[in-house]
$ cat upload-v1.txt   # compact mmCIF, C-alpha atoms and all ligand atoms
# COMPACT_ATOMS: atom_id res chain seq x y z
CA MET A 9 86.21 136.22 88.91
CA LYS A 10 86.72 137.60 92.41
CA ARG A 11 85.74 136.06 95.71
CA GLU A 12 83.69 138.41 97.88
CA ILE A 13 84.52 138.19 101.59
CA SER A 14 82.13 139.72 104.08
CA MET A 15 83.20 141.49 107.28
CA ASP A 16 80.29 139.84 109.09
CA THR A 17 81.18 136.23 108.68
CA ALA A 18 84.22 134.01 108.78
CA GLU A 19 82.21 130.93 107.77
CA LEU A 20 84.45 129.96 104.85
CA LEU A 21 87.51 129.55 107.09
CA TYR A 22 88.43 127.24 109.99
CA GLU A 23 90.13 128.68 113.07
CA ASN A 24 93.41 127.02 114.04
CA TRP A 25 92.58 127.61 117.70
CA THR A 26 89.38 128.50 119.53
CA GLY A 27 88.81 132.24 119.59
CA GLN A 28 91.32 133.01 116.82
CA PHE A 29 88.77 135.12 114.90
CA ASP A 30 88.00 137.09 118.07
CA THR A 31 91.65 137.84 118.78
CA PHE A 32 92.21 138.63 115.08
CA SER A 33 89.70 139.67 112.43
CA HIS A 34 89.30 136.80 109.93
CA MET A 35 90.22 139.47 107.33
CA GLU A 36 93.76 139.21 108.73
CA PHE A 37 94.01 135.72 107.22
CA ALA A 38 91.80 136.34 104.18
CA CYS A 39 93.91 139.32 103.10
CA ALA A 40 97.21 138.13 104.65
CA ILE A 41 98.99 141.39 103.82
CA PRO A 42 102.71 141.10 104.61
CA GLN A 43 103.86 143.31 107.46
CA SER A 44 107.37 144.28 108.41
CA LEU A 45 108.66 142.58 111.54
CA PHE A 46 110.71 144.26 114.25
CA LEU A 47 111.45 144.27 117.96
CA ILE A 48 110.00 146.95 120.22
CA SER A 49 112.28 147.66 123.16
CA THR A 50 110.86 149.18 126.34
CA LEU A 51 111.75 149.17 130.03
CA LYS A 52 109.79 147.25 132.65
CA GLU A 53 108.77 149.15 135.79
CA ASP A 54 111.87 148.00 137.70
CA GLY A 55 114.20 148.97 134.81
CA LEU A 56 114.70 145.48 133.31
CA THR A 57 114.67 145.44 129.50
CA ASN A 58 111.62 144.22 127.60
CA LEU A 59 111.37 143.13 123.97
CA CYS A 60 108.29 142.48 121.87
CA PHE A 61 108.36 140.84 118.44
CA HIS A 62 105.86 142.96 116.51
CA SER A 63 104.36 143.13 113.04
CA TRP A 64 101.19 145.19 112.44
CA SER A 65 102.50 148.62 111.48
CA CYS A 66 103.24 151.31 108.94
CA PHE A 67 105.47 154.39 108.81
CA GLY A 68 105.11 157.88 107.37
CA GLY A 69 104.96 161.62 107.96
CA ASP A 70 105.49 165.13 106.64
CA GLU A 71 107.43 168.24 107.62
CA GLY A 72 105.73 168.07 111.03
CA GLY A 73 107.32 164.75 111.90
CA TYR A 74 107.83 161.09 111.04
CA PHE A 75 105.52 158.58 112.73
CA ALA A 76 105.50 154.86 113.51
CA VAL A 77 101.92 153.58 113.48
CA MET A 78 101.43 150.24 115.21
CA GLN A 79 97.80 149.26 114.66
CA ASN A 80 97.60 146.40 117.12
CA VAL A 81 99.49 146.55 120.39
CA SER A 82 97.88 144.02 122.70
CA HIS A 83 96.57 145.43 125.98
CA THR A 84 97.81 142.29 127.75
CA SER A 85 101.44 142.82 126.68
CA HIS A 86 104.17 144.25 128.89
CA THR A 87 104.98 146.51 125.96
CA TYR A 88 101.61 148.24 126.15
CA GLU A 89 101.96 148.69 129.91
CA ASN A 90 105.50 150.06 129.55
CA ILE A 91 104.65 152.47 126.71
CA VAL A 92 101.61 153.87 128.52
CA ARG A 93 103.63 154.32 131.73
CA ASP A 94 106.86 155.76 130.26
CA GLY A 95 105.63 157.33 127.01
CA GLU A 96 108.61 156.05 125.01
CA PHE A 97 109.83 153.00 123.09
CA CYS A 98 112.35 151.98 120.45
CA ILE A 99 111.65 150.10 117.20
CA ASN A 100 114.51 147.82 116.14
CA PHE A 101 114.74 146.18 112.71
CA VAL A 102 116.76 142.97 112.69
CA SER A 103 117.24 140.61 109.75
CA ALA A 104 115.47 137.23 109.49
CA ASP A 105 118.68 135.58 110.79
CA TYR A 106 117.47 136.69 114.23
CA TYR A 107 113.99 135.14 113.96
CA PRO A 108 114.77 132.42 116.57
CA ASN A 109 116.20 135.05 118.94
CA CYS A 110 113.01 137.10 118.57
CA ILE A 111 110.87 134.05 119.34
CA ALA A 112 112.98 133.38 122.45
CA THR A 113 111.81 136.73 123.87
CA ILE A 114 108.20 135.49 123.60
CA VAL A 115 108.89 132.09 125.15
CA GLU A 116 110.56 133.69 128.20
CA ASN A 117 108.50 136.73 128.91
CA SER A 118 107.96 137.16 132.64
CA ASN A 119 108.09 140.37 134.68
CA THR A 120 111.46 139.29 136.05
CA THR A 121 113.05 138.40 132.67
CA ASP A 122 115.75 140.54 131.11
CA GLU A 123 114.55 140.00 127.54
CA PHE A 124 117.72 141.26 125.84
CA ALA A 125 119.53 138.47 127.71
CA VAL A 126 117.09 135.71 126.71
CA GLY A 127 117.17 136.81 123.06
CA HIS A 128 121.01 137.11 123.13
CA PHE A 129 120.70 140.76 122.10
CA THR A 130 123.02 143.54 123.25
CA PRO A 131 121.59 146.76 124.75
CA GLU A 132 122.99 149.97 123.28
CA LYS A 133 122.37 153.46 124.65
CA SER A 134 119.75 155.57 122.86
CA ARG A 135 120.24 159.27 122.09
CA ARG A 136 116.84 160.73 123.00
CA ILE A 137 115.10 158.17 125.24
CA ARG A 138 115.96 156.00 128.26
CA VAL A 139 115.04 152.76 126.48
CA PRO A 140 118.08 150.99 124.94
CA HIS A 141 118.47 150.00 121.27
CA VAL A 142 119.16 146.51 120.06
CA LYS A 143 122.81 146.65 118.92
CA GLU A 144 122.25 143.82 116.41
CA ALA A 145 119.51 145.86 114.67
CA PHE A 146 120.49 147.48 111.37
CA MET A 147 118.07 150.30 112.11
CA SER A 148 116.53 151.63 115.34
CA LEU A 149 113.90 154.34 115.71
CA GLU A 150 113.61 156.13 119.05
CA CYS A 151 109.95 157.05 119.58
CA GLN A 152 107.85 159.16 121.89
CA LEU A 153 104.21 158.15 122.43
CA ALA A 154 101.99 160.45 120.33
CA CYS A 155 98.64 158.65 120.23
CA ASN A 156 96.86 155.67 121.83
CA VAL A 157 93.51 154.65 120.34
CA ASP A 158 91.44 151.49 120.79
CA LEU A 159 90.23 151.26 117.17
CA SER A 160 87.84 148.32 117.61
CA ARG A 161 86.64 149.57 121.04
CA LYS A 162 86.84 146.02 122.38
CA GLY A 163 89.52 146.73 124.96
CA LEU A 164 91.86 144.21 123.31
CA ASN A 165 94.39 146.27 121.36
CA SER A 166 95.50 149.85 120.85
CA MET A 167 96.82 151.64 117.84
CA ILE A 168 99.96 153.18 119.26
CA ILE A 169 101.57 155.96 117.25
CA GLY A 170 105.10 157.01 118.04
CA ARG A 171 106.72 160.25 116.99
CA VAL A 172 110.20 159.31 115.78
CA LEU A 173 112.78 161.41 117.62
CA HIS A 174 115.94 159.83 116.27
CA ALA A 175 117.11 157.06 113.92
CA SER A 176 120.32 155.04 114.06
CA ILE A 177 121.21 153.11 110.92
CA GLU A 178 124.11 150.74 110.51
CA GLU A 179 126.66 152.38 108.19
CA LYS A 180 126.81 149.57 105.62
CA TYR A 181 122.99 149.57 105.34
CA ILE A 182 122.89 153.11 103.98
CA GLU A 183 125.28 152.38 101.12
CA GLY A 184 122.86 151.54 98.28
CA VAL A 185 119.80 149.36 98.63
CA ASP A 186 121.12 145.78 98.43
CA LEU A 187 121.41 145.06 102.14
CA ARG A 188 118.23 146.80 103.27
CA TYR A 189 115.96 145.14 100.71
CA GLY A 190 117.43 141.66 100.56
CA LYS A 191 117.73 138.65 102.87
CA GLN A 192 119.87 140.60 105.34
CA GLY A 193 117.38 143.48 105.46
CA PHE A 194 113.77 144.04 106.43
CA MET A 195 111.95 140.92 107.57
CA PHE A 196 108.23 140.39 106.90
CA ASN A 197 105.42 138.43 108.50
CA ILE A 198 102.93 136.48 106.37
CA HIS A 199 100.42 135.57 109.03
CA GLU A 200 98.66 132.23 108.43
CA PRO A 201 97.37 133.01 104.93
CA ALA A 202 94.00 131.41 104.14
CA ASP A 203 93.78 128.62 101.57
CA TYR A 204 90.19 129.08 100.35
CA PRO A 205 89.68 125.73 98.58
CA THR A 206 90.17 123.91 101.92
CA GLY A 207 89.21 126.74 104.31
CA ARG A 208 92.43 126.05 106.26
CA LEU A 209 94.94 128.63 107.44
CA GLU A 210 98.50 127.90 106.36
CA ASP A 211 101.50 128.22 108.65
CA THR A 212 102.93 131.67 109.31
CA HIS A 213 105.77 132.43 106.89
CA VAL A 214 108.73 134.73 107.31
CA ALA A 215 109.78 136.65 104.19
CA ALA A 216 112.28 139.16 102.81
CA LEU A 217 112.07 141.45 99.79
CA GLU A 218 113.35 140.83 96.29
CA VAL A 219 113.95 144.09 94.40
CA LEU A 220 112.56 143.74 90.86
CA GLY A 221 113.88 146.95 89.34
CA SER A 222 113.87 150.71 89.52
CA TYR A 223 111.66 153.29 87.83
CA PRO A 224 113.86 156.05 86.31
CA GLU A 225 110.76 157.75 84.82
CA MET A 226 109.73 158.72 88.36
CA LYS A 227 113.09 160.40 89.08
CA ASN A 228 112.75 163.94 90.49
CA LYS A 229 108.93 163.81 90.32
CA PRO A 230 107.05 164.30 93.57
CA MET A 231 104.85 161.24 94.27
CA VAL A 232 101.80 163.33 95.27
C1 LIG A 301 105.59 136.92 114.11
C2 LIG A 301 104.94 137.59 115.31
C3 LIG A 301 104.38 138.86 115.20
C4 LIG A 301 103.76 139.49 116.30
N1 LIG A 301 103.21 140.72 116.16
C5 LIG A 301 102.58 141.30 117.21
C6 LIG A 301 101.96 142.58 117.08
O1 LIG A 301 101.99 143.22 116.01
N2 LIG A 301 101.32 143.11 118.16
C7 LIG A 301 101.28 142.44 119.36
O2 LIG A 301 100.69 142.97 120.33
N3 LIG A 301 101.87 141.22 119.51
C8 LIG A 301 102.51 140.66 118.47
N4 LIG A 301 103.09 139.43 118.62
C9 LIG A 301 103.02 138.76 119.93
C10 LIG A 301 104.08 139.32 120.90
O3 LIG A 301 105.37 139.18 120.33
C11 LIG A 301 104.03 138.53 122.22
O4 LIG A 301 102.74 138.60 122.78
C12 LIG A 301 105.09 139.01 123.19
O5 LIG A 301 105.29 138.02 124.17
C13 LIG A 301 104.71 140.30 123.90
O6 LIG A 301 105.80 140.67 124.70
P1 LIG A 301 105.67 141.61 125.98
O7 LIG A 301 104.57 141.04 126.88
O8 LIG A 301 107.01 141.54 126.60
O9 LIG A 301 105.31 142.94 125.47
C14 LIG A 301 103.72 138.81 117.54
C15 LIG A 301 104.30 137.53 117.66
C16 LIG A 301 104.90 136.95 116.55
C17 LIG A 301 105.51 135.57 116.70
$ encode --input "upload-v1.txt" --output "structure tokens"
Amino acid sequence: MKREISMDTAELLYENWTGQFDTFSHMEFACAIPQSLFLISTLKEDGLTNLCFHSWSCFGGDEGGYFAVMQNVSHTSHTYENIVRDGEFCINFVSADYYPNCIATIVENSNTTDEFAVGHFTPEKSRRIRVPHVKEAFMSLECQLACNVDLSRKGLNSMIIGRVLHASIEEKYIEGVDLRYGKQGFMFNIHEPADYPTGRLEDTHVAALEVLGSYPEMKNKPMV
């Protein structure tokens, strides 16, 4: 038996804070789809570094380019302001070991804060954009703003799409798959998954991947 969840009502769930289902669709918690977590680096207007811990996203492309799609960039964030003004940003993947450092960049987040300093991250020069990388990241993607769309038309968030201009990947992370897809690799957000018997939202969890196996029968076959 399947539970049917309507887009129109969140009546089966309790908000953890007033307005939670306005800021987020209740489907966010009903579906609770894991999302990769990373830091977006940008520059503030006066040149100070800015970092944003970010989850909602996906990545893909074709021979015309590779794109980072970030469905929900809050209009109230410095990141949104910086991306719209400068047209560039960098996506930095750090392992879950850095979760507390990432949170520190949210706790101290003023216009006058150097957010690399508060997160104890080291700025590293990018190849194609002015915005620095996070040195501690095992992978950084330099992006140019390609698209900015307010999907819900509520003036709250934009889907920002970045054209990836350049990638830097830590040498030991491109030797096999173990590091990238284990505890030292991509970090994931499980955002307050709903517990339907009680209607409560659980705490947010941080996760990493466990590789279950490979599929040799798919070798050399295009997945289209
Ligand atoms: C686990 C986690 C994931 C987050 N994901 C996003 C996100 O996808 N989009 C967003 O706009 N804010 C997200 N945030 C909130 C931002 O990190 C936060 O608002 C930050 O202070 C924005 O920084 P800025 O104002 O310097 O851009 C997330 C926060 C946490 C803790």
$ residues_near_ligand --input "upload-v1.txt" --ligand "ligand LIG 301 (chain A)" --cutoff "6 Å" --atoms "all atoms listed in the file" --output "PyMOL selection string"
chain A and resi 58-64+80-82+85-87+114+117+197
$ write_last_selection --input "upload-v1.txt" --atoms "C-alpha atoms" --output "PDB file, in the frame of the given file"
ATOM      1  CA  ASN A  58     111.620 144.220 127.600  1.00  0.00           C
ATOM      2  CA  LEU A  59     111.370 143.130 123.970  1.00  0.00           C
ATOM      3  CA  CYS A  60     108.290 142.480 121.870  1.00  0.00           C
ATOM      4  CA  PHE A  61     108.360 140.840 118.440  1.00  0.00           C
ATOM      5  CA  HIS A  62     105.860 142.960 116.510  1.00  0.00           C
ATOM      6  CA  SER A  63     104.360 143.130 113.040  1.00  0.00           C
ATOM      7  CA  TRP A  64     101.190 145.190 112.440  1.00  0.00           C
ATOM      8  CA  ASN A  80      97.600 146.400 117.120  1.00  0.00           C
ATOM      9  CA  VAL A  81      99.490 146.550 120.390  1.00  0.00           C
ATOM     10  CA  SER A  82      97.880 144.020 122.700  1.00  0.00           C
ATOM     11  CA  SER A  85     101.440 142.820 126.680  1.00  0.00           C
ATOM     12  CA  HIS A  86     104.170 144.250 128.890  1.00  0.00           C
ATOM     13  CA  THR A  87     104.980 146.510 125.960  1.00  0.00           C
ATOM     14  CA  ILE A 114     108.200 135.490 123.600  1.00  0.00           C
ATOM     15  CA  ASN A 117     108.500 136.730 128.910  1.00  0.00           C
ATOM     16  CA  ASN A 197     105.420 138.430 108.500  1.00  0.00           C
TER      17      ASN A 197
END
$ closest_atom_pairs --input "upload-v1.txt" --of "stretch 97-199 of chain A" --to "stretch 22-34 of chain A" --cutoff "12 Å" --atoms "only C-alpha atoms" --output "JSON lines"
{"residue": "A:Ser160", "atom": "CA", "partner": "A:Ser33", "partner_atom": "CA", "distance": 10.3}
{"residue": "A:Lys162", "atom": "CA", "partner": "A:Asp30", "partner_atom": "CA", "distance": 10.0}
{"residue": "A:Gly163", "atom": "CA", "partner": "A:Thr31", "partner_atom": "CA", "distance": 11.0}
{"residue": "A:Leu164", "atom": "CA", "partner": "A:Thr31", "partner_atom": "CA", "distance": 7.8}
{"residue": "A:Asn165", "atom": "CA", "partner": "A:Thr31", "partner_atom": "CA", "distance": 9.2}
{"residue": "A:His199", "atom": "CA", "partner": "A:Phe32", "partner_atom": "CA", "distance": 10.6}
$ write_last_selection --input "upload-v1.txt" --atoms "C-alpha atoms" --output "short mmCIF file (atom, residue, chain, number, x, y, z; two decimals), keeping the file's coordinate frame"
data_model
loop_
_atom_site.label_atom_id
_atom_site.label_comp_id
_atom_site.auth_asym_id
_atom_site.auth_seq_id
_atom_site.Cartn_x
_atom_site.Cartn_y
_atom_site.Cartn_z
CA SER A 160 87.84 148.32 117.61
CA LYS A 162 86.84 146.02 122.38
CA GLY A 163 89.52 146.73 124.96
CA LEU A 164 91.86 144.21 123.31
CA ASN A 165 94.39 146.27 121.36
CA HIS A 199 100.42 135.57 109.03
#
$ closest_atom_pairs --input "upload-v1.txt" --of "stretch 57-136 of chain A" --to "stretch 48-51 of chain A" --cutoff "12 Å" --atoms "all atoms listed in the file" --output "tab-separated table"
residue	atom	partner	partner_atom	distance
A:Thr57	CA	A:Leu51	CA	4.8
A:Asn58	CA	A:Thr50	CA	5.2
A:Leu59	CA	A:Ser49	CA	4.7
A:Cys60	CA	A:Ile48	CA	5.1
A:Phe61	CA	A:Ile48	CA	6.6
A:His62	CA	A:Ile48	CA	6.8
A:Ser63	CA	A:Ile48	CA	9.9
A:Trp64	CA	A:Ile48	CA	11.9
A:Ser65	CA	A:Ile48	CA	11.6
A:Ala76	CA	A:Ile48	CA	11.3
A:Met78	CA	A:Ile48	CA	10.5
A:Val81	CA	A:Ile48	CA	10.5
A:Ser85	CA	A:Thr50	CA	11.4
A:His86	CA	A:Thr50	CA	8.7
A:Thr87	CA	A:Thr50	CA	6.5
A:Tyr88	CA	A:Thr50	CA	9.3
A:Glu89	CA	A:Thr50	CA	9.6
A:Asn90	CA	A:Thr50	CA	6.3
A:Ile91	CA	A:Thr50	CA	7.0
A:Val92	CA	A:Thr50	CA	10.6
A:Arg93	CA	A:Leu51	CA	9.8
A:Asp94	CA	A:Leu51	CA	8.2
A:Gly95	CA	A:Thr50	CA	9.7
A:Glu96	CA	A:Thr50	CA	7.4
A:Phe97	CA	A:Thr50	CA	5.1
A:Cys98	CA	A:Ser49	CA	5.1
A:Ile99	CA	A:Ile48	CA	4.7
A:Asn100	CA	A:Ile48	CA	6.1
A:Phe101	CA	A:Ile48	CA	8.9
A:Val102	CA	A:Ile48	CA	10.9
A:Cys110	CA	A:Ile48	CA	10.4
A:Thr113	CA	A:Ser49	CA	11.0
A:Asn119	CA	A:Leu51	CA	10.6
A:Thr120	CA	A:Leu51	CA	11.6
A:Thr121	CA	A:Leu51	CA	11.2
A:Asp122	CA	A:Leu51	CA	9.6
A:Glu123	CA	A:Ser49	CA	9.1
A:Phe124	CA	A:Ser49	CA	8.8
A:Gly127	CA	A:Ser49	CA	11.9
A:Phe129	CA	A:Ser49	CA	10.9
A:Thr130	CA	A:Ser49	CA	11.5
A:Pro131	CA	A:Ser49	CA	9.5
A:Glu132	CA	A:Ser49	CA	11.0
A:Lys133	CA	A:Ser49	CA	11.7
A:Ser134	CA	A:Ser49	CA	10.9
$ atom_distance --input "upload-v1.txt" --atom1 "atom CA of A:Asp70" --atom2 "atom CA of A:Ile169"
14.6 Å
$ closest_residue --input "upload-v1.txt" --among "A:Glu19, A:Glu225, A:Glu218, A:Glu179" --to "A:Ala145" --atoms "only C-alpha atoms"
A:Glu179
$ closest_residue --input "upload-v1.txt" --among "A:Ala125, A:Lys52, A:Ser103, A:Leu149" --to "A:Phe67" --atoms "only C-alpha atoms"
A:Leu149
$ atom_distance --input "upload-v1.txt" --atom1 "atom CA of A:Pro201" --atom2 "atom CA of A:Lys10"
17.1 Å
$ atom_distance --input "upload-v1.txt" --atom1 "atom CA of A:Gly73" --atom2 "atom CA of A:Cys155"
13.5 Å
$ residues_around --input "upload-v1.txt" --residues "A:Gly69" --least-positions-apart "5" --cutoff "10 Å" --atoms "all atoms listed in the file" --output "ChimeraX atom specification"
/A:74-76,171-172
$ axis_aligned_box --input "upload-v1.txt" --around "stretch 140-158 of chain A" --padding-each-side "3 Å" --output "lines of an AutoDock Vina configuration file"
center_x = 107.1
center_y = 152.1
center_z = 118.2
size_x = 37.4
size_y = 22.6
size_z = 19.6
$ residues_around --input "upload-v1.txt" --residues "A:Ile182" --least-positions-apart "5" --cutoff "12 Å" --atoms "all atoms listed in the file" --output "PyMOL selection string"
chain A and resi 146-147+176-177+187-189+193
$ decode --input "upload-v1.txt" --residues "stretch 105-215 of chain A" --atoms "C-alpha atoms" --output "compact mmCIF listing (two decimals), in the first residue's frame"
# COMPACT_ATOMS: atom_id res chain seq x y z
CA ASP A 105 34.72 16.03 8.44
CA TYR A 106 34.23 19.73 7.63
CA TYR A 107 30.54 19.86 8.59
CA PRO A 108 31.21 22.01 11.71
CA ASN A 109 33.40 24.38 9.67
CA CYS A 110 30.58 24.76 7.13
CA ILE A 111 28.08 25.54 9.89
CA ALA A 112 30.48 28.17 11.29
CA THR A 113 30.11 30.11 8.02
CA ILE A 114 26.35 30.31 8.66
CA VAL A 115 26.67 31.35 12.29
CA GLU A 116 29.01 34.24 11.39
CA ASN A 117 27.63 35.60 8.19
CA SER A 118 27.71 39.40 8.19
CA ASN A 119 28.68 41.73 5.33
CA THR A 120 31.98 42.39 7.08
CA THR A 121 32.89 38.72 7.74
CA ASP A 122 35.66 36.97 5.85
CA GLU A 123 33.88 33.62 5.72
CA PHE A 124 36.93 31.56 4.73
CA ALA A 125 38.50 32.79 7.99
CA VAL A 126 35.50 31.92 10.19
CA GLY A 127 35.24 28.45 8.64
CA HIS A 128 39.04 27.91 8.94
CA PHE A 129 39.22 27.35 5.18
CA THR A 130 42.11 28.40 2.96
CA PRO A 131 41.48 30.45 -0.21
CA GLU A 132 43.18 29.12 -3.33
CA LYS A 133 43.37 30.95 -6.66
CA SER A 134 40.91 29.85 -9.37
CA ARG A 135 41.91 29.41 -13.02
CA ARG A 136 38.98 31.02 -14.85
CA ILE A 137 37.17 33.22 -12.31
CA ARG A 138 38.08 35.81 -9.65
CA VAL A 139 36.37 33.87 -6.85
CA PRO A 140 38.81 31.67 -4.86
CA HIS A 141 38.49 27.90 -4.32
CA VAL A 142 38.39 26.22 -0.95
CA LYS A 143 41.81 24.52 -0.70
CA GLU A 144 40.42 21.85 1.66
CA ALA A 145 37.84 20.81 -0.98
CA PHE A 146 38.59 17.58 -2.86
CA MET A 147 36.82 19.02 -5.89
CA SER A 148 36.01 22.58 -7.00
CA LEU A 149 33.97 23.67 -10.00
CA GLU A 150 34.47 27.19 -11.36
CA CYS A 151 31.14 28.41 -12.74
CA GLN A 152 29.79 31.24 -14.81
CA LEU A 153 26.14 32.27 -14.30
CA ALA A 154 24.07 30.82 -17.17
CA CYS A 155 20.48 31.08 -15.93
CA ASN A 156 18.47 32.62 -13.07
CA VAL A 157 14.82 31.60 -12.78
CA ASP A 158 12.33 32.04 -9.93
CA LEU A 159 10.59 28.67 -10.37
CA SER A 160 7.81 29.18 -7.80
CA ARG A 161 7.36 32.87 -8.74
CA LYS A 162 7.14 33.77 -5.06
CA GLY A 163 10.25 35.94 -5.00
CA LEU A 164 11.87 33.66 -2.40
CA ASN A 165 14.40 31.55 -4.29
CA SER A 166 16.02 31.26 -7.70
CA MET A 167 17.17 28.28 -9.65
CA ILE A 168 20.70 29.32 -10.50
CA ILE A 169 22.45 27.38 -13.24
CA GLY A 170 26.18 27.69 -13.63
CA ARG A 171 28.16 26.74 -16.71
CA VAL A 172 31.21 24.89 -15.42
CA LEU A 173 34.36 26.48 -16.85
CA HIS A 174 36.97 24.48 -15.00
CA ALA A 175 37.30 21.68 -12.42
CA SER A 176 40.10 21.07 -9.93
CA ILE A 177 40.19 17.63 -8.33
CA GLU A 178 42.55 16.50 -5.62
CA GLU A 179 44.98 13.98 -7.15
CA LYS A 180 44.27 11.13 -4.71
CA TYR A 181 40.51 11.49 -5.34
CA ILE A 182 40.82 10.56 -9.00
CA GLU A 183 42.61 7.28 -8.30
CA GLY A 184 39.69 4.81 -8.23
CA VAL A 185 36.39 5.42 -6.50
CA ASP A 186 37.04 4.62 -2.82
CA LEU A 187 37.74 8.13 -1.58
CA ARG A 188 35.10 9.95 -3.61
CA TYR A 189 32.23 7.64 -2.67
CA GLY A 190 33.05 6.87 0.94
CA LYS A 191 33.16 8.76 4.24
CA GLN A 192 35.94 11.03 2.98
CA GLY A 193 34.03 11.87 -0.20
CA PHE A 194 30.74 13.48 -1.16
CA MET A 195 28.60 14.57 1.77
CA PHE A 196 24.79 14.46 1.64
CA ASN A 197 21.95 16.29 3.34
CA ILE A 198 18.88 14.39 4.59
CA HIS A 199 16.66 17.32 5.45
CA GLU A 200 14.30 16.66 8.39
CA PRO A 201 12.66 13.52 6.96
CA ALA A 202 8.99 13.14 7.91
CA ASP A 203 7.93 10.35 10.27
CA TYR A 204 4.33 9.80 9.12
CA PRO A 205 3.00 7.78 12.09
CA THR A 206 3.66 10.78 14.39
CA GLY A 207 3.56 13.59 11.78
CA ARG A 208 6.85 14.89 13.20
CA LEU A 209 9.91 15.92 11.21
CA GLU A 210 13.10 14.19 12.33
CA ASP A 211 16.42 15.98 12.77
CA THR A 212 18.48 16.76 9.70
CA HIS A 213 21.04 14.00 9.06
CA VAL A 214 24.37 14.17 7.31
CA ALA A 215 25.27 11.15 5.17
